[in-house]
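Participant: So here's target-v9.pdb (PDB, N, CA and C atoms).
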```
MODEL        1
ATOM      1  N   MET A  25     -25.332   6.898 -88.246
ATOM      2  CA  MET A  25     -25.938   6.601 -86.985
ATOM      3  C   MET A  25     -24.856   6.256 -85.964
ATOM      4  N   ALA A  26     -24.980   6.773 -84.769
ATOM      5  CA  ALA A  26     -23.980   6.552 -83.730
ATOM      6  C   ALA A  26     -24.156   5.184 -83.081
ATOM      7  N   GLU A  27     -23.067   4.636 -82.675
ATOM      8  CA  GLU A  27     -23.045   3.356 -81.975
ATOM      9  C   GLU A  27     -22.926   3.654 -80.474
ATOM     10  N   ILE A  28     -23.463   2.796 -79.652
ATOM     11  CA  ILE A  28     -23.328   2.930 -78.202
ATOM     12  C   ILE A  28     -22.364   1.858 -77.730
ATOM     13  N   TYR A  29     -21.359   2.290 -76.988
ATOM     14  CA  TYR A  29     -20.374   1.374 -76.415
ATOM     15  C   TYR A  29     -20.595   1.351 -74.909
ATOM     16  N   ILE A  30     -20.657   0.172 -74.318
ATOM     17  CA  ILE A  30     -20.820   0.015 -72.873
ATOM     18  C   ILE A  30     -19.450  -0.302 -72.281
ATOM     19  N   THR A  31     -19.017   0.552 -71.363
ATOM     20  CA  THR A  31     -17.669   0.413 -70.809
ATOM     21  C   THR A  31     -17.570  -0.725 -69.804
ATOM     22  N   GLN A  32     -16.352  -1.166 -69.645
ATOM     23  CA  GLN A  32     -16.002  -2.070 -68.564
ATOM     24  C   GLN A  32     -15.252  -1.229 -67.533
ATOM     25  N   GLU A  33     -15.318  -1.607 -66.285
ATOM     26  CA  GLU A  33     -14.672  -0.865 -65.208
ATOM     27  C   GLU A  33     -13.201  -0.621 -65.539
ATOM     28  N   GLY A  34     -12.780   0.649 -65.462
ATOM     29  CA  GLY A  34     -11.374   1.001 -65.633
ATOM     30  C   GLY A  34     -10.929   1.352 -67.033
ATOM     31  N   GLU A  35     -11.827   1.381 -68.009
ATOM     32  CA  GLU A  35     -11.421   1.728 -69.375
ATOM     33  C   GLU A  35     -11.174   3.228 -69.493
ATOM     34  N   CYS A  36     -10.243   3.582 -70.360
ATOM     35  CA  CYS A  36      -9.896   4.980 -70.636
ATOM     36  C   CYS A  36     -10.391   5.344 -72.035
ATOM     37  N   TRP A  37     -10.452   6.643 -72.294
ATOM     38  CA  TRP A  37     -10.947   7.141 -73.583
ATOM     39  C   TRP A  37     -10.131   6.609 -74.765
ATOM     40  N   ASP A  38      -8.809   6.633 -74.640
ATOM     41  CA  ASP A  38      -7.984   6.180 -75.761
ATOM     42  C   ASP A  38      -8.155   4.685 -76.025
ATOM     43  N   GLU A  39      -8.382   3.930 -74.978
ATOM     44  CA  GLU A  39      -8.609   2.489 -75.111
ATOM     45  C   GLU A  39      -9.912   2.207 -75.866
ATOM     46  N   ILE A  40     -10.944   2.973 -75.553
ATOM     47  CA  ILE A  40     -12.235   2.805 -76.233
ATOM     48  C   ILE A  40     -12.117   3.221 -77.698
ATOM     49  N   ALA A  41     -11.444   4.342 -77.950
ATOM     50  CA  ALA A  41     -11.248   4.795 -79.332
ATOM     51  C   ALA A  41     -10.512   3.734 -80.147
ATOM     52  N   LYS A  42      -9.520   3.097 -79.556
ATOM     53  CA  LYS A  42      -8.761   2.048 -80.249
ATOM     54  C   LYS A  42      -9.675   0.868 -80.584
ATOM     55  N   LYS A  43     -10.545   0.484 -79.633
ATOM     56  CA  LYS A  43     -11.462  -0.642 -79.869
ATOM     57  C   LYS A  43     -12.507  -0.308 -80.927
ATOM     58  N   VAL A  44     -13.054   0.921 -80.864
ATOM     59  CA  VAL A  44     -14.166   1.290 -81.753
ATOM     60  C   VAL A  44     -13.679   1.719 -83.133
ATOM     61  N   TYR A  45     -12.637   2.554 -83.172
ATOM     62  CA  TYR A  45     -12.191   3.139 -84.438
ATOM     63  C   TYR A  45     -10.887   2.549 -84.985
ATOM     64  N   GLY A  46     -10.208   1.763 -84.166
ATOM     65  CA  GLY A  46      -8.953   1.180 -84.622
ATOM     66  C   GLY A  46      -7.747   2.056 -84.366
ATOM     67  N   THR A  47      -7.944   3.233 -83.776
ATOM     68  CA  THR A  47      -6.850   4.125 -83.442
ATOM     69  C   THR A  47      -7.231   4.983 -82.247
ATOM     70  N   GLU A  48      -6.289   5.157 -81.350
ATOM     71  CA  GLU A  48      -6.537   5.997 -80.188
ATOM     72  C   GLU A  48      -6.517   7.482 -80.536
ATOM     73  N   LYS A  49      -6.055   7.817 -81.720
ATOM     74  CA  LYS A  49      -5.965   9.212 -82.150
ATOM     75  C   LYS A  49      -7.338   9.861 -82.344
ATOM     76  N   LEU A  50      -8.402   9.067 -82.348
ATOM     77  CA  LEU A  50      -9.753   9.610 -82.527
ATOM     78  C   LEU A  50     -10.524   9.719 -81.211
ATOM     79  N   MET A  51      -9.809   9.696 -80.088
ATOM     80  CA  MET A  51     -10.513   9.796 -78.813
ATOM     81  C   MET A  51     -11.175  11.161 -78.645
ATOM     82  N   HIS A  52     -10.693  12.179 -79.362
ATOM     83  CA  HIS A  52     -11.324  13.504 -79.298
ATOM     84  C   HIS A  52     -12.763  13.459 -79.823
ATOM     85  N   VAL A  53     -13.043  12.562 -80.756
ATOM     86  CA  VAL A  53     -14.405  12.400 -81.288
ATOM     87  C   VAL A  53     -15.324  11.912 -80.171
ATOM     88  N   LEU A  54     -14.828  10.962 -79.391
ATOM     89  CA  LEU A  54     -15.611  10.438 -78.272
ATOM     90  C   LEU A  54     -15.842  11.513 -77.210
ATOM     91  N   LEU A  55     -14.806  12.275 -76.913
ATOM     92  CA  LEU A  55     -14.927  13.329 -75.900
ATOM     93  C   LEU A  55     -15.921  14.409 -76.323
ATOM     94  N   GLU A  56     -15.914  14.769 -77.592
ATOM     95  CA  GLU A  56     -16.856  15.779 -78.089
ATOM     96  C   GLU A  56     -18.291  15.274 -78.029
ATOM     97  N   ALA A  57     -18.494  14.003 -78.317
ATOM     98  CA  ALA A  57     -19.844  13.434 -78.338
ATOM     99  C   ALA A  57     -20.375  13.115 -76.939
ATOM    100  N   ASN A  58     -19.483  13.063 -75.963
ATOM    101  CA  ASN A  58     -19.862  12.686 -74.598
ATOM    102  C   ASN A  58     -19.371  13.726 -73.597
ATOM    103  N   SER A  59     -19.712  14.970 -73.838
ATOM    104  CA  SER A  59     -19.200  16.060 -73.002
ATOM    105  C   SER A  59     -19.585  15.893 -71.531
ATOM    106  N   ASP A  60     -20.690  15.229 -71.256
ATOM    107  CA  ASP A  60     -21.107  15.007 -69.870
ATOM    108  C   ASP A  60     -20.199  14.022 -69.132
ATOM    109  N   LEU A  61     -19.383  13.261 -69.870
ATOM    110  CA  LEU A  61     -18.484  12.274 -69.259
ATOM    111  C   LEU A  61     -17.029  12.732 -69.245
ATOM    112  N   ARG A  62     -16.764  13.957 -69.690
ATOM    113  CA  ARG A  62     -15.388  14.456 -69.794
ATOM    114  C   ARG A  62     -14.663  14.481 -68.461
ATOM    115  N   LYS A  63     -15.393  14.530 -67.376
ATOM    116  CA  LYS A  63     -14.764  14.611 -66.057
ATOM    117  C   LYS A  63     -14.036  13.317 -65.680
ATOM    118  N   TYR A  64     -14.314  12.236 -66.394
ATOM    119  CA  TYR A  64     -13.699  10.946 -66.100
ATOM    120  C   TYR A  64     -12.457  10.714 -66.951
ATOM    121  N   LEU A  65     -11.348  10.411 -66.287
ATOM    122  CA  LEU A  65     -10.169   9.938 -67.015
ATOM    123  C   LEU A  65     -10.279   8.434 -67.202
ATOM    124  N   ILE A  66     -10.743   7.775 -66.141
ATOM    125  CA  ILE A  66     -11.003   6.346 -66.168
ATOM    126  C   ILE A  66     -12.502   6.179 -65.952
ATOM    127  N   LEU A  67     -13.147   5.556 -66.903
ATOM    128  CA  LEU A  67     -14.610   5.472 -66.877
ATOM    129  C   LEU A  67     -15.105   4.347 -65.977
ATOM    130  N   PRO A  68     -16.232   4.594 -65.300
ATOM    131  CA  PRO A  68     -16.839   3.524 -64.509
ATOM    132  C   PRO A  68     -17.437   2.452 -65.423
ATOM    133  N   GLY A  69     -17.664   1.288 -64.879
ATOM    134  CA  GLY A  69     -18.256   0.202 -65.654
ATOM    135  C   GLY A  69     -19.712   0.477 -65.994
ATOM    136  N   ASN A  70     -20.173  -0.120 -67.073
ATOM    137  CA  ASN A  70     -21.559  -0.018 -67.563
ATOM    138  C   ASN A  70     -21.979   1.406 -67.908
ATOM    139  N   THR A  71     -21.035   2.223 -68.349
ATOM    140  CA  THR A  71     -21.331   3.579 -68.792
ATOM    141  C   THR A  71     -21.579   3.557 -70.294
ATOM    142  N   LYS A  72     -22.642   4.216 -70.733
ATOM    143  CA  LYS A  72     -22.945   4.287 -72.165
ATOM    144  C   LYS A  72     -22.146   5.426 -72.788
ATOM    145  N   VAL A  73     -21.340   5.077 -73.787
ATOM    146  CA  VAL A  73     -20.519   6.050 -74.504
ATOM    147  C   VAL A  73     -21.028   6.106 -75.944
ATOM    148  N   ILE A  74     -21.377   7.301 -76.393
ATOM    149  CA  ILE A  74     -21.833   7.496 -77.771
ATOM    150  C   ILE A  74     -20.610   7.537 -78.679
ATOM    151  N   CYS A  75     -20.621   6.728 -79.717
ATOM    152  CA  CYS A  75     -19.508   6.645 -80.666
ATOM    153  C   CYS A  75     -20.013   7.036 -82.053
ATOM    154  N   PRO A  76     -19.876   8.314 -82.411
ATOM    155  CA  PRO A  76     -20.348   8.750 -83.723
ATOM    156  C   PRO A  76     -19.576   8.066 -84.845
ATOM    157  N   GLU A  77     -20.242   7.944 -85.970
ATOM    158  CA  GLU A  77     -19.565   7.395 -87.140
ATOM    159  C   GLU A  77     -18.552   8.406 -87.644
ATOM    160  N   VAL A  78     -17.383   7.932 -87.974
ATOM    161  CA  VAL A  78     -16.351   8.779 -88.581
ATOM    162  C   VAL A  78     -15.754   8.021 -89.748
ATOM    163  N   GLU A  79     -15.260   8.768 -90.675
ATOM    164  CA  GLU A  79     -14.606   8.159 -91.815
ATOM    165  C   GLU A  79     -13.123   8.066 -91.484
ATOM    166  N   VAL A  80     -12.673   6.863 -91.263
ATOM    167  CA  VAL A  80     -11.280   6.640 -90.908
ATOM    168  C   VAL A  80     -10.519   6.333 -92.183
ATOM    169  N   GLU A  81      -9.554   7.204 -92.474
ATOM    170  CA  GLU A  81      -8.738   6.984 -93.666
ATOM    171  C   GLU A  81      -7.725   5.892 -93.379
ATOM    172  N   THR A  82      -7.559   5.025 -94.331
ATOM    173  CA  THR A  82      -6.519   4.019 -94.179
ATOM    174  C   THR A  82      -5.235   4.586 -94.760
ATOM    175  N   LEU A  83      -4.191   4.519 -93.984
ATOM    176  CA  LEU A  83      -2.907   5.024 -94.434
ATOM    177  C   LEU A  83      -2.270   4.001 -95.358
ATOM    178  N   PRO A  84      -1.683   4.474 -96.454
ATOM    179  CA  PRO A  84      -1.035   3.523 -97.352
ATOM    180  C   PRO A  84       0.159   2.888 -96.641
ATOM    181  N   GLU A  85       0.342   1.630 -96.886
ATOM    182  CA  GLU A  85       1.478   0.955 -96.279
ATOM    183  C   GLU A  85       2.743   1.423 -96.972
ATOM    184  N   VAL A  86       3.654   1.944 -96.190
ATOM    185  CA  VAL A  86       4.907   2.428 -96.757
ATOM    186  C   VAL A  86       5.980   1.437 -96.381
ATOM    187  N   LEU A  87       6.554   0.829 -97.399
ATOM    188  CA  LEU A  87       7.601  -0.153 -97.166
ATOM    189  C   LEU A  87       8.965   0.529 -97.170
ATOM    190  N   PRO A  88       9.855   0.086 -96.334
ATOM    191  CA  PRO A  88      11.214   0.620 -96.373
ATOM    192  C   PRO A  88      11.870   0.220 -97.705
ATOM    193  N   PRO A  89      12.865   0.989 -98.150
ATOM    194  CA  PRO A  89      13.462   0.741 -99.472
ATOM    195  C   PRO A  89      13.937  -0.689 -99.690
ATOM    196  N   TRP A  90      14.432  -1.348 -98.653
ATOM    197  CA  TRP A  90      14.952  -2.711 -98.830
ATOM    198  C   TRP A  90      13.859  -3.761 -98.990
ATOM    199  N   LYS A  91      12.595  -3.368 -98.776
ATOM    200  CA  LYS A  91      11.486  -4.309 -98.960
ATOM    201  C   LYS A  91      10.671  -4.025-100.214
ATOM    202  N   ARG A  92      11.054  -3.026-100.990
ATOM    203  CA  ARG A  92      10.305  -2.673-102.193
ATOM    204  C   ARG A  92      10.672  -3.561-103.343
TER     205      ARG A  92
ENDMDL
END
```
Here is the file; what I need is its structure written in the form of structure tokens.
Facilitator:
Amino acid sequence: MAEIYITQEGECWDEIAKKVYGTEKLMHVLLEANSDLRKYLILPGNTKVICPEVEVETLPEVLPPWKR
């Protein structure tokens, strides 16, 4: 089930993706789900953004050799 995110004045797509998914790299998911809002680089306040559920893989923590 998709979540609805209500924007604050001046938020950008990557900022919302970071808040919702924990990474800005998934902003394409938001853009695909909200094609009617693609014209905005900076979103107006109180805009409803659909945030589909995605499976976010957790990357294994890679320690540098001196910390192993």
Participant: For Tyr29 of chain A, please output as a compact mmCIF listing (two decimals) with N, CA and C atoms, in the coordinates of the input all residues within 10 Å (counting only C-alpha atoms; exclusion window: fewer than 6 positions along the same chain).
Facilitator:
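Once written, around_2.txt looks like this:
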```txt
# COMPACT_ATOMS: atom_id res chain seq x y z
N ILE A 40 -10.94 2.97 -75.55
CA ILE A 40 -12.24 2.80 -76.23
C ILE A 40 -12.12 3.22 -77.70
N LYS A 43 -10.54 0.48 -79.63
CA LYS A 43 -11.46 -0.64 -79.87
C LYS A 43 -12.51 -0.31 -80.93
N VAL A 44 -13.05 0.92 -80.86
CA VAL A 44 -14.17 1.29 -81.75
C VAL A 44 -13.68 1.72 -83.13
N ASN A 70 -20.17 -0.12 -67.07
CA ASN A 70 -21.56 -0.02 -67.56
C ASN A 70 -21.98 1.41 -67.91
N THR A 71 -21.04 2.22 -68.35
CA THR A 71 -21.33 3.58 -68.79
C THR A 71 -21.58 3.56 -70.29
N LYS A 72 -22.64 4.22 -70.73
CA LYS A 72 -22.94 4.29 -72.17
C LYS A 72 -22.15 5.43 -72.79
N VAL A 73 -21.34 5.08 -73.79
CA VAL A 73 -20.52 6.05 -74.50
C VAL A 73 -21.03 6.11 -75.94
N ILE A 74 -21.38 7.30 -76.39
CA ILE A 74 -21.83 7.50 -77.77
C ILE A 74 -20.61 7.54 -78.68
N CYS A 75 -20.62 6.73 -79.72
CA CYS A 75 -19.51 6.64 -80.67
C CYS A 75 -20.01 7.04 -82.05
```
Participant: Between atom N of Glu35 of chain A and atom C of Val78 of chain A, what is the distance in Å, rounded to a tenth?
Facilitator: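 Separating atom N of Glu35 of chain A from atom C of Val78 of chain A is a distance of 23.1 Å.
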Participant: How would you write, as JSON, numbers by chain, the residues chosen by the PyMOL selection byres (((chain A and resi 77 and name CA) around 8) and name CA) on this structure?
Facilitator: {"A": [25, 26, 27, 75, 76, 78, 79]}
Participant: So which bits of chain A end up strand (DSSP E or B) when you DSSP the backbone, as a PyMOL selection string?
Facilitator: chain A and resi 27-30+35-36+66-67+72-75
Participant: Distance atom CA of Gln32 of chain A-atom CA of Leu67 of chain A, one decimal place?
Facilitator: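 Straight-line distance from atom CA of Gln32 of chain A to atom CA of Leu67 of chain A works out to 7.9 Å.
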Participant: Take chain A from the block and save it with C-alpha atoms, as a PDB file, in the first residue's frame.
Facilitator:
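Saved as out18.pdb:
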```pdb
ATOM      1  CA  MET A  25       0.000   0.000   0.000  1.00  0.00           C
ATOM      2  CA  ALA A  26       1.321   3.442  -0.917  1.00  0.00           C
ATOM      3  CA  GLU A  27       1.968   6.116   1.652  1.00  0.00           C
ATOM      4  CA  ILE A  28       0.997   9.757   1.109  1.00  0.00           C
ATOM      5  CA  TYR A  29       3.593  12.380   1.959  1.00  0.00           C
ATOM      6  CA  ILE A  30       2.521  16.021   2.386  1.00  0.00           C
ATOM      7  CA  THR A  31       5.229  18.423   1.267  1.00  0.00           C
ATOM      8  CA  GLN A  32       6.491  21.501   2.975  1.00  0.00           C
ATOM      9  CA  GLU A  33       7.156  24.596   0.863  1.00  0.00           C
ATOM     10  CA  GLY A  34      10.445  24.273  -1.038  1.00  0.00           C
ATOM     11  CA  GLU A  35      11.081  20.524  -0.773  1.00  0.00           C
ATOM     12  CA  CYS A  36      12.760  18.732  -3.681  1.00  0.00           C
ATOM     13  CA  TRP A  37      12.238  15.182  -4.938  1.00  0.00           C
ATOM     14  CA  ASP A  38      15.569  13.888  -3.643  1.00  0.00           C
ATOM     15  CA  GLU A  39      14.894  15.373  -0.211  1.00  0.00           C
ATOM     16  CA  ILE A  40      11.534  13.593   0.007  1.00  0.00           C
ATOM     17  CA  ALA A  41      13.045  10.298  -1.176  1.00  0.00           C
ATOM     18  CA  LYS A  42      15.703  10.591   1.547  1.00  0.00           C
ATOM     19  CA  LYS A  43      13.023  11.193   4.218  1.00  0.00           C
ATOM     20  CA  VAL A  44      10.684   8.422   3.014  1.00  0.00           C
ATOM     21  CA  TYR A  45      13.092   5.731   1.795  1.00  0.00           C
ATOM     22  CA  GLY A  46      16.339   6.641   3.523  1.00  0.00           C
ATOM     23  CA  THR A  47      18.139   7.346   0.244  1.00  0.00           C
ATOM     24  CA  GLU A  48      17.813   9.990  -2.419  1.00  0.00           C
ATOM     25  CA  LYS A  49      18.687   7.378  -5.050  1.00  0.00           C
ATOM     26  CA  LEU A  50      15.028   6.254  -5.092  1.00  0.00           C
ATOM     27  CA  MET A  51      13.590   9.594  -6.179  1.00  0.00           C
ATOM     28  CA  HIS A  52      12.823   8.010  -9.577  1.00  0.00           C
ATOM     29  CA  VAL A  53      10.182   5.878  -7.802  1.00  0.00           C
ATOM     30  CA  LEU A  54       8.470   9.048  -6.609  1.00  0.00           C
ATOM     31  CA  LEU A  55       8.656  10.651 -10.051  1.00  0.00           C
ATOM     32  CA  GLU A  56       7.127   7.589 -11.725  1.00  0.00           C
ATOM     33  CA  ALA A  57       4.275   7.453  -9.208  1.00  0.00           C
ATOM     34  CA  ASN A  58       3.577  11.194  -9.449  1.00  0.00           C
ATOM     35  CA  SER A  59       3.877  11.930 -13.155  1.00  0.00           C
ATOM     36  CA  ASP A  60       1.440  14.846 -12.823  1.00  0.00           C
ATOM     37  CA  LEU A  61       3.949  16.608 -10.516  1.00  0.00           C
ATOM     38  CA  ARG A  62       7.054  16.062 -12.681  1.00  0.00           C
ATOM     39  CA  LYS A  63       6.973  19.673 -13.832  1.00  0.00           C
ATOM     40  CA  TYR A  64       8.086  20.790 -10.357  1.00  0.00           C
ATOM     41  CA  LEU A  65      11.741  20.805  -9.377  1.00  0.00           C
ATOM     42  CA  ILE A  66      10.823  22.414  -6.078  1.00  0.00           C
ATOM     43  CA  LEU A  67       7.424  21.345  -4.821  1.00  0.00           C
ATOM     44  CA  PRO A  68       4.827  23.718  -3.408  1.00  0.00           C
ATOM     45  CA  GLY A  69       3.701  23.265   0.180  1.00  0.00           C
ATOM     46  CA  ASN A  70       0.813  20.937   1.097  1.00  0.00           C
ATOM     47  CA  THR A  71       1.206  18.857  -2.069  1.00  0.00           C
ATOM     48  CA  LYS A  72       0.233  15.190  -1.779  1.00  0.00           C
ATOM     49  CA  VAL A  73       3.022  12.928  -3.033  1.00  0.00           C
ATOM     50  CA  ILE A  74       2.312   9.217  -3.500  1.00  0.00           C
ATOM     51  CA  CYS A  75       5.147   7.103  -2.084  1.00  0.00           C
ATOM     52  CA  PRO A  76       4.853   3.500  -3.272  1.00  0.00           C
ATOM     53  CA  GLU A  77       6.278   0.755  -1.136  1.00  0.00           C
ATOM     54  CA  VAL A  78       9.680  -0.418  -2.307  1.00  0.00           C
ATOM     55  CA  GLU A  79      12.004  -3.016  -0.988  1.00  0.00           C
ATOM     56  CA  VAL A  80      15.129  -1.174   0.028  1.00  0.00           C
ATOM     57  CA  GLU A  81      18.131  -3.437   0.242  1.00  0.00           C
ATOM     58  CA  THR A  82      20.455  -2.750   3.090  1.00  0.00           C
ATOM     59  CA  LEU A  83      24.035  -2.629   1.955  1.00  0.00           C
ATOM     60  CA  PRO A  84      26.439  -4.672   4.032  1.00  0.00           C
ATOM     61  CA  GLU A  85      28.751  -2.535   6.069  1.00  0.00           C
ATOM     62  CA  VAL A  86      32.185  -2.781   4.552  1.00  0.00           C
ATOM     63  CA  LEU A  87      34.950  -2.016   6.972  1.00  0.00           C
ATOM     64  CA  PRO A  88      38.340  -0.838   5.789  1.00  0.00           C
ATOM     65  CA  PRO A  89      41.121  -3.417   6.326  1.00  0.00           C
ATOM     66  CA  TRP A  90      42.522  -1.633   9.392  1.00  0.00           C
ATOM     67  CA  LYS A  91      39.167  -1.938  11.190  1.00  0.00           C
ATOM     68  CA  ARG A  92      38.579  -5.643  10.522  1.00  0.00           C
TER      69      ARG A  92
END
```
